[in-house]
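File shown here: upload-v9.cif, holding mmCIF, C-alpha atoms and all ligand atoms.
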```cif
data_model
#
loop_
_atom_site.label_atom_id
_atom_site.label_comp_id
_atom_site.auth_asym_id
_atom_site.auth_seq_id
_atom_site.Cartn_x
_atom_site.Cartn_y
_atom_site.Cartn_z
CA MET A 1 0.00 0.00 0.00
CA PHE A 2 1.14 3.56 -0.69
CA LYS A 3 1.04 4.41 2.99
CA ASP A 4 4.14 2.22 3.47
CA TRP A 5 6.03 4.43 1.01
CA PHE A 6 4.48 7.62 2.36
CA ASP A 7 5.48 6.90 5.96
CA ARG A 8 9.16 6.66 4.99
CA TYR A 9 9.32 10.40 4.26
CA ALA A 10 9.27 13.31 6.72
CA TRP A 11 7.60 16.45 5.37
CA ASP A 12 10.18 18.87 6.81
CA THR A 13 13.09 16.87 5.41
CA VAL A 14 11.53 16.99 1.94
CA VAL A 15 11.00 20.77 2.22
CA GLY A 16 14.61 21.20 3.41
CA ASP A 17 16.06 19.05 0.61
CA ILE A 18 14.17 21.04 -2.03
CA GLN A 19 15.16 24.42 -0.62
CA GLU A 20 18.84 23.44 -0.38
CA THR A 21 19.12 22.31 -4.01
CA THR A 22 22.11 23.87 -5.78
CA PRO A 23 22.28 25.03 -9.43
CA GLN A 24 24.79 22.23 -10.08
CA ARG A 25 22.23 19.66 -8.91
CA VAL A 26 19.59 21.19 -11.22
CA GLU A 27 22.01 20.97 -14.18
CA GLN A 28 22.71 17.35 -13.33
CA ALA A 29 18.95 16.62 -13.31
CA LEU A 30 18.57 18.37 -16.66
CA GLU A 31 21.36 16.39 -18.30
CA THR A 32 20.31 12.89 -17.27
CA SER A 33 17.90 11.01 -19.51
CA LYS A 34 16.19 8.75 -16.93
CA ARG A 35 15.15 10.89 -13.99
CA SER A 36 14.62 9.84 -10.38
CA LEU A 37 12.44 11.35 -7.65
CA ASP A 38 15.56 13.17 -6.42
CA ASP A 39 15.92 14.72 -9.88
CA PHE A 40 12.24 15.77 -9.71
CA LYS A 41 12.91 17.44 -6.35
CA ALA A 42 15.77 19.39 -7.93
CA LEU A 43 13.62 20.45 -10.89
CA ILE A 44 10.84 21.88 -8.68
CA SER A 45 13.29 23.73 -6.41
CA PRO A 46 13.72 27.52 -6.35
CA ALA A 47 17.22 26.90 -7.76
CA ALA A 48 15.64 25.51 -10.98
CA LEU A 49 13.57 28.62 -11.80
CA PRO A 50 16.39 30.25 -13.85
CA TYR A 51 16.44 27.06 -15.98
CA LEU A 52 12.85 27.40 -17.13
CA GLU A 53 13.74 27.78 -20.81
CA PRO A 54 15.74 24.52 -21.17
CA MET A 55 13.12 22.73 -19.04
CA ALA A 56 10.34 23.99 -21.32
CA GLN A 57 12.22 22.92 -24.46
CA GLN A 58 12.76 19.40 -23.15
CA SER A 59 9.17 19.19 -21.92
CA ARG A 60 7.84 20.17 -25.36
CA GLN A 61 9.99 17.59 -27.14
CA LEU A 62 9.14 14.76 -24.77
CA THR A 63 5.42 15.52 -24.90
CA GLN A 64 5.34 15.67 -28.69
CA ARG A 65 7.30 12.42 -28.94
CA ARG A 66 4.88 10.56 -26.67
CA PHE A 67 1.52 12.26 -27.39
CA GLY A 68 1.99 13.96 -30.78
CA LYS A 69 0.58 17.45 -31.19
CA THR A 70 -2.74 16.71 -29.56
CA ILE A 71 -4.86 18.08 -26.71
CA GLN A 72 -7.68 15.93 -25.31
CA MET A 73 -10.89 17.86 -24.55
CA TYR A 74 -13.32 17.19 -21.70
CA ALA A 75 -16.11 18.98 -19.83
CA PRO A 76 -17.38 18.57 -16.25
CA LEU A 77 -21.03 17.73 -15.59
CA TYR A 78 -21.94 18.76 -12.01
CA LEU A 79 -24.68 16.44 -10.79
CA SER A 80 -25.15 17.89 -7.30
CA ASN A 81 -23.89 20.56 -4.92
CA GLU A 82 -25.09 18.74 -1.79
CA CYS A 83 -22.26 17.95 0.57
CA GLN A 84 -21.85 16.71 4.14
CA ASN A 85 -18.24 17.82 4.40
CA ILE A 86 -16.69 21.05 5.51
CA CYS A 87 -13.81 22.04 3.25
CA THR A 88 -12.56 25.54 3.96
CA TYR A 89 -11.91 26.38 0.31
CA CYS A 90 -15.14 25.19 -1.35
CA ALA A 91 -18.43 26.96 -2.05
CA PHE A 92 -20.35 23.68 -1.62
CA SER A 93 -19.07 23.20 1.95
CA LEU A 94 -21.76 22.10 4.44
CA ASP A 95 -21.44 25.33 6.43
CA ASN A 96 -22.22 27.55 3.43
CA LYS A 97 -25.87 28.56 3.28
CA ILE A 98 -26.61 27.98 -0.38
CA ARG A 99 -29.55 26.45 -2.18
CA ARG A 100 -28.74 22.78 -2.66
CA LYS A 101 -29.56 21.03 -5.90
CA THR A 102 -29.28 17.49 -7.21
CA LEU A 103 -30.15 16.86 -10.84
CA THR A 104 -33.11 14.62 -11.65
CA ASP A 105 -32.93 12.02 -14.43
CA GLU A 106 -34.48 14.43 -16.88
CA GLU A 107 -32.08 17.22 -15.88
CA ILE A 108 -29.05 14.93 -16.16
CA LEU A 109 -30.05 14.11 -19.72
CA ILE A 110 -30.65 17.77 -20.60
CA GLU A 111 -27.21 18.72 -19.27
CA ALA A 112 -25.56 15.75 -20.98
CA GLN A 113 -27.18 16.65 -24.31
CA ALA A 114 -26.00 20.25 -23.93
CA ILE A 115 -22.42 19.06 -23.37
CA LYS A 116 -22.70 16.68 -26.31
CA LYS A 117 -23.87 19.55 -28.53
CA LEU A 118 -20.68 21.44 -27.64
CA GLY A 119 -18.79 18.61 -29.35
CA TYR A 120 -17.67 16.57 -26.36
CA ASP A 121 -17.38 12.78 -26.24
CA HIS A 122 -15.63 12.79 -22.85
CA VAL A 123 -17.51 13.92 -19.75
CA LEU A 124 -16.41 14.27 -16.12
CA LEU A 125 -19.19 13.62 -13.58
CA VAL A 126 -18.80 15.70 -10.39
CA THR A 127 -20.72 15.64 -7.10
CA GLY A 128 -20.22 16.71 -3.51
CA GLU A 129 -20.20 14.02 -0.81
CA ALA A 130 -23.77 13.36 0.34
CA ASN A 131 -24.31 9.63 0.60
CA GLN A 132 -28.07 9.88 1.26
CA THR A 133 -28.82 11.76 -1.96
CA VAL A 134 -25.83 11.20 -4.25
CA GLY A 135 -24.53 7.84 -3.08
CA VAL A 136 -23.22 5.03 -5.26
CA GLU A 137 -26.68 4.08 -6.53
CA TYR A 138 -27.32 7.61 -7.77
CA ILE A 139 -23.93 7.71 -9.53
CA GLN A 140 -24.48 4.24 -11.02
CA HIS A 141 -27.84 5.36 -12.35
CA ALA A 142 -26.34 8.57 -13.79
CA ILE A 143 -23.64 6.58 -15.62
CA ARG A 144 -26.30 4.28 -17.03
CA LEU A 145 -28.30 7.27 -18.26
CA ILE A 146 -25.46 9.05 -20.06
CA ARG A 147 -23.44 6.03 -21.23
CA PRO A 148 -25.08 5.95 -24.68
CA LEU A 149 -23.99 9.56 -25.26
CA PHE A 150 -20.26 9.48 -24.40
CA ALA A 151 -17.24 7.37 -25.36
CA HIS A 152 -15.40 8.20 -22.12
CA ILE A 153 -16.89 8.77 -18.66
CA SER A 154 -14.75 10.14 -15.83
CA MET A 155 -15.82 10.84 -12.27
CA GLU A 156 -14.71 13.12 -9.45
CA VAL A 157 -16.80 12.24 -6.40
CA GLN A 158 -16.21 11.02 -2.83
CA PRO A 159 -13.71 8.16 -2.31
CA LEU A 160 -15.50 4.80 -2.49
CA ASP A 161 -14.86 1.25 -1.32
CA LEU A 162 -13.35 -1.34 -3.65
CA PRO A 163 -16.62 -3.22 -4.46
CA GLU A 164 -18.30 0.11 -5.27
CA TYR A 165 -15.57 1.00 -7.75
CA LYS A 166 -15.90 -2.44 -9.33
CA THR A 167 -19.64 -1.93 -9.73
CA LEU A 168 -19.23 1.46 -11.40
CA ILE A 169 -16.48 0.20 -13.71
CA THR A 170 -18.79 -2.60 -14.84
CA GLU A 171 -21.42 0.06 -15.45
CA GLY A 172 -19.13 1.98 -17.86
CA LEU A 173 -16.85 4.19 -15.73
CA HIS A 174 -13.37 4.67 -17.24
CA THR A 175 -11.53 7.23 -15.13
CA VAL A 176 -11.58 8.43 -11.51
CA LEU A 177 -9.98 11.67 -10.30
CA VAL A 178 -9.13 11.74 -6.63
CA TYR A 179 -6.93 14.56 -5.42
CA GLN A 180 -5.31 14.25 -2.02
CA GLU A 181 -5.69 18.07 -1.62
CA THR A 182 -2.57 18.08 0.59
CA TYR A 183 -0.21 15.33 1.74
CA HIS A 184 0.50 17.26 4.95
CA GLU A 185 -1.64 15.39 7.49
CA GLU A 186 -2.05 18.23 10.00
CA THR A 187 -2.83 20.88 7.40
CA TYR A 188 -5.27 18.43 5.81
CA LYS A 189 -7.15 18.21 9.12
CA THR A 190 -7.28 22.00 9.41
CA HIS A 191 -8.97 22.36 6.03
CA HIS A 192 -11.27 19.31 6.41
CA PRO A 193 -12.61 19.60 9.94
CA LYS A 194 -15.94 17.77 9.47
CA GLY A 195 -17.42 14.93 7.46
CA LYS A 196 -16.04 11.72 5.99
CA LYS A 197 -13.44 13.65 4.04
CA SER A 198 -11.63 14.44 7.29
CA ASN A 199 -10.26 10.88 7.20
CA PHE A 200 -6.84 11.59 5.65
CA ARG A 201 -5.74 7.95 5.53
CA TYR A 202 -8.89 6.66 3.81
CA ARG A 203 -8.37 9.23 1.08
CA LEU A 204 -4.66 8.38 0.83
CA ASP A 205 -5.54 4.70 0.26
CA THR A 206 -8.12 5.47 -2.46
CA PRO A 207 -5.81 5.14 -5.51
CA ASP A 208 -4.78 1.69 -4.17
CA ARG A 209 -8.44 0.66 -4.19
CA LEU A 210 -8.79 2.01 -7.73
CA GLY A 211 -5.73 0.06 -8.85
CA LYS A 212 -7.13 -3.11 -7.31
CA ALA A 213 -10.43 -2.45 -9.13
CA ASN A 214 -8.47 -2.31 -12.43
CA ILE A 215 -9.56 1.19 -13.33
CA HIS A 216 -8.62 2.29 -16.85
CA LYS A 217 -7.17 5.63 -15.68
CA MET A 218 -6.84 7.57 -12.43
CA GLY A 219 -6.04 11.21 -11.84
CA LEU A 220 -3.92 12.53 -8.99
CA GLY A 221 -3.07 15.99 -7.73
CA ALA A 222 -2.84 18.37 -4.81
CA LEU A 223 -4.79 21.57 -4.31
CA LEU A 224 -1.89 23.92 -4.90
CA GLY A 225 -1.81 26.59 -2.22
CA LEU A 226 -3.05 24.69 0.84
CA GLU A 227 0.53 23.85 1.81
CA ASP A 228 4.06 24.21 0.46
CA TRP A 229 3.31 23.38 -3.19
CA ARG A 230 6.78 21.95 -3.79
CA ALA A 231 6.51 19.37 -1.00
CA ASP A 232 2.93 18.50 -2.02
CA SER A 233 4.11 17.99 -5.61
CA PHE A 234 6.96 15.77 -4.44
CA PHE A 235 4.47 13.54 -2.60
CA THR A 236 2.17 13.50 -5.65
CA ALA A 237 5.14 12.34 -7.77
CA LEU A 238 5.97 9.71 -5.15
CA HIS A 239 2.35 8.52 -5.26
CA LEU A 240 2.47 8.36 -9.05
CA GLN A 241 5.70 6.35 -9.04
CA TYR A 242 4.33 3.88 -6.49
CA LEU A 243 1.07 3.42 -8.41
CA GLN A 244 2.76 2.93 -11.78
CA LYS A 245 4.99 0.24 -10.32
CA THR A 246 2.14 -1.48 -8.49
CA TYR A 247 -0.82 -1.08 -10.86
CA TRP A 248 0.96 -0.89 -14.19
CA GLN A 249 -2.18 -1.74 -16.19
CA SER A 250 -3.79 1.61 -15.35
CA LYS A 251 -3.04 4.98 -16.96
CA TYR A 252 -2.40 8.12 -14.92
CA SER A 253 -2.98 11.83 -15.14
CA ILE A 254 -1.95 14.78 -12.99
CA SER A 255 -3.95 17.98 -12.56
CA PHE A 256 -2.82 21.35 -11.25
CA PRO A 257 -5.69 23.00 -9.40
CA ARG A 258 -4.51 26.30 -7.95
CA LEU A 259 -6.77 27.78 -5.29
CA ARG A 260 -9.32 30.17 -6.75
CA PRO A 261 -11.54 32.70 -4.96
CA ILE A 262 -14.96 31.33 -4.06
CA GLN A 263 -18.18 33.28 -3.96
CA LEU A 264 -20.05 33.69 -0.67
CA THR A 265 -17.57 33.72 2.11
CA ASP A 266 -16.42 37.03 3.62
CA GLU A 267 -13.66 35.28 5.43
CA VAL A 268 -10.30 35.57 3.76
CA HIS A 269 -8.71 32.17 4.07
CA ARG A 270 -5.03 32.40 4.51
CA PHE A 271 -3.37 29.65 2.59
CA LYS A 272 0.20 28.59 3.10
CA SER A 273 1.71 29.15 -0.30
CA CYS A 274 0.91 31.25 -3.29
CA MET A 275 2.12 29.87 -6.60
CA SER A 276 3.19 32.22 -9.41
CA ASP A 277 2.55 31.53 -13.10
CA ARG A 278 6.27 30.90 -13.66
CA GLU A 279 6.29 28.35 -10.84
CA LEU A 280 3.28 26.54 -12.30
CA VAL A 281 5.07 26.32 -15.67
CA GLN A 282 8.12 25.00 -13.83
CA LEU A 283 6.03 22.34 -12.10
CA ILE A 284 4.32 21.18 -15.30
CA CYS A 285 7.68 20.90 -17.11
CA ALA A 286 9.23 19.10 -14.11
CA TYR A 287 6.47 16.46 -14.19
CA ARG A 288 7.04 15.89 -17.89
CA LEU A 289 10.82 15.58 -17.46
CA PHE A 290 10.21 13.12 -14.62
CA ASN A 291 7.57 11.04 -16.38
CA GLU A 292 7.09 10.86 -20.14
CA ASP A 293 3.86 8.84 -20.00
CA VAL A 294 1.71 10.71 -17.51
CA GLU A 295 -1.11 12.86 -18.89
CA LEU A 296 -1.04 16.47 -17.68
CA SER A 297 -4.33 18.34 -17.43
CA LEU A 298 -5.15 22.04 -17.12
CA SER A 299 -8.63 23.31 -16.25
CA THR A 300 -10.48 26.57 -16.83
CA ARG A 301 -9.33 27.82 -13.42
CA GLU A 302 -6.39 29.33 -15.30
CA THR A 303 -6.52 32.45 -17.46
CA PRO A 304 -6.85 32.29 -21.28
CA ARG A 305 -3.38 33.75 -21.86
CA PHE A 306 -1.73 31.31 -19.51
CA ARG A 307 -3.58 28.30 -20.93
CA ASP A 308 -2.74 29.28 -24.50
CA HIS A 309 0.93 29.44 -23.57
CA LEU A 310 0.87 26.00 -21.95
CA ILE A 311 -0.53 24.16 -24.99
CA GLN A 312 2.97 23.66 -26.38
CA LEU A 313 4.78 23.03 -23.11
CA GLY A 314 3.58 19.67 -21.85
CA ILE A 315 -0.17 19.79 -21.22
CA THR A 316 -2.12 16.93 -22.85
CA SER A 317 -5.71 17.61 -21.81
CA MET A 318 -7.92 20.65 -21.23
CA SER A 319 -11.46 21.48 -20.27
CA ALA A 320 -13.32 24.30 -22.04
CA GLY A 321 -16.64 26.06 -21.62
CA SER A 322 -16.89 24.48 -18.16
CA LYS A 323 -19.80 25.09 -15.80
CA THR A 324 -19.06 24.29 -12.17
CA ASN A 325 -22.67 24.38 -10.92
CA PRO A 326 -25.35 21.65 -11.18
CA GLY A 327 -27.54 22.54 -14.13
CA GLY A 328 -25.02 25.12 -15.35
CA TYR A 329 -25.17 24.27 -19.07
CA ALA A 330 -28.91 24.34 -19.67
CA VAL A 331 -31.13 23.58 -16.65
CA GLU A 332 -30.23 26.37 -14.23
CA PRO A 333 -27.29 28.46 -15.44
CA GLU A 334 -27.55 30.97 -12.57
CA SER A 335 -26.97 28.59 -9.63
CA LEU A 336 -23.85 28.93 -7.46
CA GLU A 337 -20.55 27.75 -8.95
CA GLN A 338 -18.13 25.58 -6.97
CA PHE A 339 -15.36 28.00 -7.93
CA GLU A 340 -15.01 30.84 -10.39
CA ILE A 341 -13.48 29.95 -13.69
CA SER A 342 -10.98 32.25 -15.44
CA ASP A 343 -11.17 31.04 -19.00
CA GLU A 344 -14.75 31.60 -20.18
CA ARG A 345 -14.15 30.99 -23.87
CA THR A 346 -16.36 28.49 -25.66
CA PRO A 347 -15.09 25.03 -26.66
CA ALA A 348 -15.15 26.19 -30.31
CA GLN A 349 -12.93 29.17 -29.47
CA ILE A 350 -10.46 27.01 -27.51
CA SER A 351 -10.48 24.50 -30.33
CA SER A 352 -9.43 27.16 -32.83
CA VAL A 353 -6.69 28.44 -30.47
CA ILE A 354 -5.33 24.88 -30.29
CA ARG A 355 -5.45 24.48 -34.09
CA ASN A 356 -3.78 27.86 -34.64
CA GLN A 357 -0.82 26.57 -32.66
CA GLY A 358 -0.51 23.56 -34.96
CA TYR A 359 -2.13 21.13 -32.49
CA VAL A 360 -5.22 18.95 -32.88
CA PRO A 361 -8.05 19.01 -30.31
CA VAL A 362 -9.15 15.42 -29.63
CA TRP A 363 -12.81 15.09 -28.68
CA LYS A 364 -12.82 11.30 -28.61
CA ASP A 365 -9.56 9.63 -27.63
CA TRP A 366 -10.75 6.05 -27.54
CA ASP A 367 -13.67 3.77 -28.21
CA PRO A 368 -14.77 1.24 -25.60
CA SER A 369 -15.52 -1.27 -28.34
CA PHE A 370 -11.74 -1.60 -28.94
CA VAL A 371 -11.15 -2.92 -25.42
S1 LIG B 401 -14.45 20.05 -2.01
FE1 LIG B 401 -15.88 18.39 -2.41
S2 LIG B 401 -16.12 17.37 -0.44
FE2 LIG B 401 -15.28 19.43 0.00
S3 LIG B 401 -17.05 20.74 0.36
FE3 LIG B 401 -16.54 20.89 -1.82
S4 LIG B 401 -17.85 19.38 -2.81
FE4 LIG B 401 -17.79 18.88 -0.62
#
```

Please lay out the structure from this file as structure tokens.
Amino acid sequence: MFKDWFDRYAWDTVVGDIQETTPQRVEQALETSKRSLDDFKALISPAALPYLEPMAQQSRQLTQRRFGKTIQMYAPLYLSNECQNICTYCAFSLDNKIRRKTLTDEEILIEAQAIKKLGYDHVLLVTGEANQTVGVEYIQHAIRLIRPLFAHISMEVQPLDLPEYKTLITEGLHTVLVYQETYHEETYKTHHPKGKKSNFRYRLDTPDRLGKANIHKMGLGALLGLEDWRADSFFTALHLQYLQKTYWQSKYSISFPRLRPIQLTDEVHRFKSCMSDRELVQLICAYRLFNEDVELSLSTRETPRFRDHLIQLGITSMSAGSKTNPGGYAVEPESLEQFEISDERTPAQISSVIRNQGYVPVWKDWDPSFV
């Protein structure tokens, strides 16, 4: 289990190692062809920031060699904003007084059709964690409803038990995203004080359960800003390495959610680290130099200018035209969003930006009938 790997590392030692990296160590990491976790640590260090240009060049070459000039497109479908957890950074948190909504069968189909009309063949189902209303049976039913419309169904919901994942995979689920938020156990408890999500270890074990369920693909990541982003990224890379060695049949992706302002709350949450645009580019390139096979995904949290720039630097999948509220595409566009998005361009506009850079937007990357 990953926890055996995780427990071998002390957070403060990792932070110290990264901060003490020398320029010589960064150059060594840049010159080697097969990179270790220690090389990854060097590449995400402050000492590596002046080497952004050679890192970006290598990242571009490696990505094109493995993925061609393609960007996979997906859109989230929010099924519900009901949630029994308190997460300090989320508009759907139990302690926020908002109108709660869970889509009915008819509404799910209306939303799914609206996403389909935008050109998508890959949809990401999203819910809060409310087992009474949006438990496994609800999700299973939703997958059954939309399965005829999409070639690829992903899901970002509460962590589930192994038999539940097996059931949903049989039903047509291909990919599960489960972000650890932060690998710092104490900070995790501060930001998740109530609800099932407060169980750090259960969440940490979730990718192991997904691997055992033989999931086609799983997505990892940390919510960048909750803690020292460099240490959190090291632990994400450690998790990725463990999973690839243990569950080699599955594919993997990494996402880079940076904290965004949420509507509602007057309280200004003070997060530990603020990540600059240059540092996010550094991190994306460092992942690519560390791992040539992992898919790297960028959402509409980021600005149009920044996203356009990243198309050629290592990113392999993007969302576009996203609505982060249940019913946001057609049923109830005015309901509260989970977080504000920065890039509000339509999928057609993003598609033409991708093409203008000599890349191809991929709306359907596989067909289940080939498996
Ligand atoms: S992040 Fe997820 S679990 Fe936490 S409050 Fe928001 S919807 Fe609920």

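For the set A:Arg307, A:Lys3, A:Lys212, A:Arg203, the residue with the smallest atom-to-atom gap to ligand LIG 401 (chain B) is A:Arg203, counting only C-alpha atoms and all ligand atoms.
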
Within-6 Å residues of ligand LIG 401 (chain B), basis all atoms listed in the file, as a count of residues only: 9

Do you have, as JSON lines, the list of residues of segment 184-215 of chain A lying at most 12 Å from segment 9-14 of chain A, each with its nearest atom pair and that distance in Å to one decimal, counting only C-alpha atoms and ordered by chain then number?
```
{"residue": "A:His184", "atom": "CA", "partner": "A:Trp11", "partner_atom": "CA", "distance": 7.2}
{"residue": "A:Glu185", "atom": "CA", "partner": "A:Trp11", "partner_atom": "CA", "distance": 9.5}
{"residue": "A:Glu186", "atom": "CA", "partner": "A:Trp11", "partner_atom": "CA", "distance": 10.9}
{"residue": "A:Thr187", "atom": "CA", "partner": "A:Trp11", "partner_atom": "CA", "distance": 11.5}
```

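In this comparison, which uses all atoms listed in the file, the residue of A:Ile341, A:Ala348, A:Ile315, A:Ala91 approaching Ala286 of chain A most closely is A:Ile315.
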
Please determine, counting all atoms listed in the file, which residue among A:Lys364, A:His192, A:Arg278, A:Lys245 has the shortest atom-to-atom distance to Ser317 of chain A.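 Ranked by minimum distance to Ser317 of chain A, first place goes to A:Lys364.
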
For Tyr202 of chain A, list every protein, DNA or RNA residue within 12 Å, evaluated using all atoms listed in the file, and leave out those in the same chain fewer than 4 positions away; present the list as a PyMOL selection string. chain A and resi 1-3+158-162+178+180+185+196-198+206-209

Nearby residues (only C-alpha atoms) at most 10 Å from Ser33 of chain A, same-chain spacing under 3 positions excluded, as a PDB file with C-alpha atoms, in the frame of the given file:
```pdb
ATOM      1  CA  ALA A  29      18.950  16.620 -13.310  1.00  0.00           C
ATOM      2  CA  LEU A  30      18.570  18.370 -16.660  1.00  0.00           C
ATOM      3  CA  SER A  36      14.620   9.840 -10.380  1.00  0.00           C
ATOM      4  CA  LEU A 289      10.820  15.580 -17.460  1.00  0.00           C
ATOM      5  CA  PHE A 290      10.210  13.120 -14.620  1.00  0.00           C
TER       6      PHE A 290
END
```

Which residue is closest to Tyr329 of chain A? Choose from A:Lys194, A:Lys116, A:His239, A:Arg201 and count all atoms listed in the file.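 With all atoms listed in the file as the atom set, the closest residue is A:Lys116.
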
Measuring between only C-alpha atoms, which one of A:Gln338, A:Lys217, A:Val136, A:Thr190 shows the shortest distance to His174 of chain A?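 That would be A:Lys217, the residue with the smallest distance to His174 of chain A.
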
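Taking atom CA of Lys251 of chain A and atom CA of Glu292 of chain A as the two end points, the separation is 12.1 Å.
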
His309 of chain A surroundings by all atoms listed in the file, 12 Å radius, close-in-sequence under 3 positions cut, as a VMD selection string: chain A and resid 56 60 277 to 278 280 to 281 298 302 to 306 312 to 315 353 to 354 357

What lies within 9 Å of Thr22 of chain A using all atoms listed in the file, ignoring chain neighbours under 5 positions off, as a ChimeraX atom specification? /A:27,42,45,47-48

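In this model, the gap between atom CA of Ala330 of chain A and atom CA of Ser352 of chain A comes to 23.7 Å.
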
Residues near Phe150 of chain A, cut-off 12 Å, all atoms listed in the file, skip fewer than 2 positions along chain, as an NGL selection string: :A and (74-75 or 109 or 112-113 or 115-117 or 119-125 or 143-148 or 152-154 or 172-174 or 363-368)

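Atom CA of Leu283 of chain A sits 28.2 Å away from atom CA of Tyr78 of chain A.
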
Using all atoms listed in the file for the distances, tell me which of A:Glu156, A:Asp228, A:Glu171, A:Asp17 is nearest to Leu77 of chain A. A:Glu156

Can I get segment 236-249 of chain A with N, CA, C and O atoms filled in, as a short mmCIF file (atom, residue, chain, number, x, y, z; two decimals), keeping the file's coordinate frame?
```
data_model
loop_
_atom_site.label_atom_id
_atom_site.label_comp_id
_atom_site.auth_asym_id
_atom_site.auth_seq_id
_atom_site.Cartn_x
_atom_site.Cartn_y
_atom_site.Cartn_z
N THR A 236 3.02 13.94 -4.52
CA THR A 236 2.17 13.50 -5.65
C THR A 236 3.01 12.65 -6.61
O THR A 236 2.56 11.60 -7.09
N ALA A 237 4.25 13.10 -6.87
CA ALA A 237 5.14 12.34 -7.77
C ALA A 237 5.49 10.98 -7.16
O ALA A 237 5.58 9.97 -7.87
N LEU A 238 5.69 10.98 -5.85
CA LEU A 238 5.97 9.71 -5.15
C LEU A 238 4.78 8.76 -5.31
O LEU A 238 4.94 7.57 -5.60
N HIS A 239 3.58 9.32 -5.13
CA HIS A 239 2.35 8.52 -5.26
C HIS A 239 2.24 7.94 -6.68
O HIS A 239 1.96 6.75 -6.87
N LEU A 240 2.52 8.79 -7.66
CA LEU A 240 2.47 8.36 -9.05
C LEU A 240 3.46 7.22 -9.30
O LEU A 240 3.11 6.20 -9.92
N GLN A 241 4.68 7.39 -8.80
CA GLN A 241 5.70 6.35 -9.04
C GLN A 241 5.29 5.02 -8.40
O GLN A 241 5.40 3.95 -9.01
N TYR A 242 4.78 5.10 -7.17
CA TYR A 242 4.33 3.88 -6.49
C TYR A 242 3.20 3.20 -7.30
O TYR A 242 3.23 1.98 -7.52
N LEU A 243 2.23 4.00 -7.72
CA LEU A 243 1.07 3.42 -8.41
C LEU A 243 1.48 2.80 -9.75
O LEU A 243 1.02 1.71 -10.10
N GLN A 244 2.35 3.47 -10.48
CA GLN A 244 2.76 2.93 -11.78
C GLN A 244 3.50 1.61 -11.63
O GLN A 244 3.38 0.73 -12.47
N LYS A 245 4.28 1.51 -10.55
CA LYS A 245 4.99 0.24 -10.32
C LYS A 245 4.04 -0.86 -9.87
O LYS A 245 4.22 -2.03 -10.20
N THR A 246 3.03 -0.49 -9.09
CA THR A 246 2.14 -1.48 -8.49
C THR A 246 0.96 -1.86 -9.39
O THR A 246 0.60 -3.03 -9.50
N TYR A 247 0.37 -0.85 -10.01
CA TYR A 247 -0.82 -1.08 -10.86
C TYR A 247 -0.48 -0.60 -12.27
O TYR A 247 -0.98 0.42 -12.74
N TRP A 248 0.41 -1.35 -12.92
CA TRP A 248 0.96 -0.89 -14.19
C TRP A 248 -0.05 -0.96 -15.33
O TRP A 248 0.15 -0.38 -16.39
N GLN A 249 -1.18 -1.66 -15.10
CA GLN A 249 -2.18 -1.74 -16.19
C GLN A 249 -2.95 -0.43 -16.34
O GLN A 249 -3.55 -0.19 -17.38
#
```
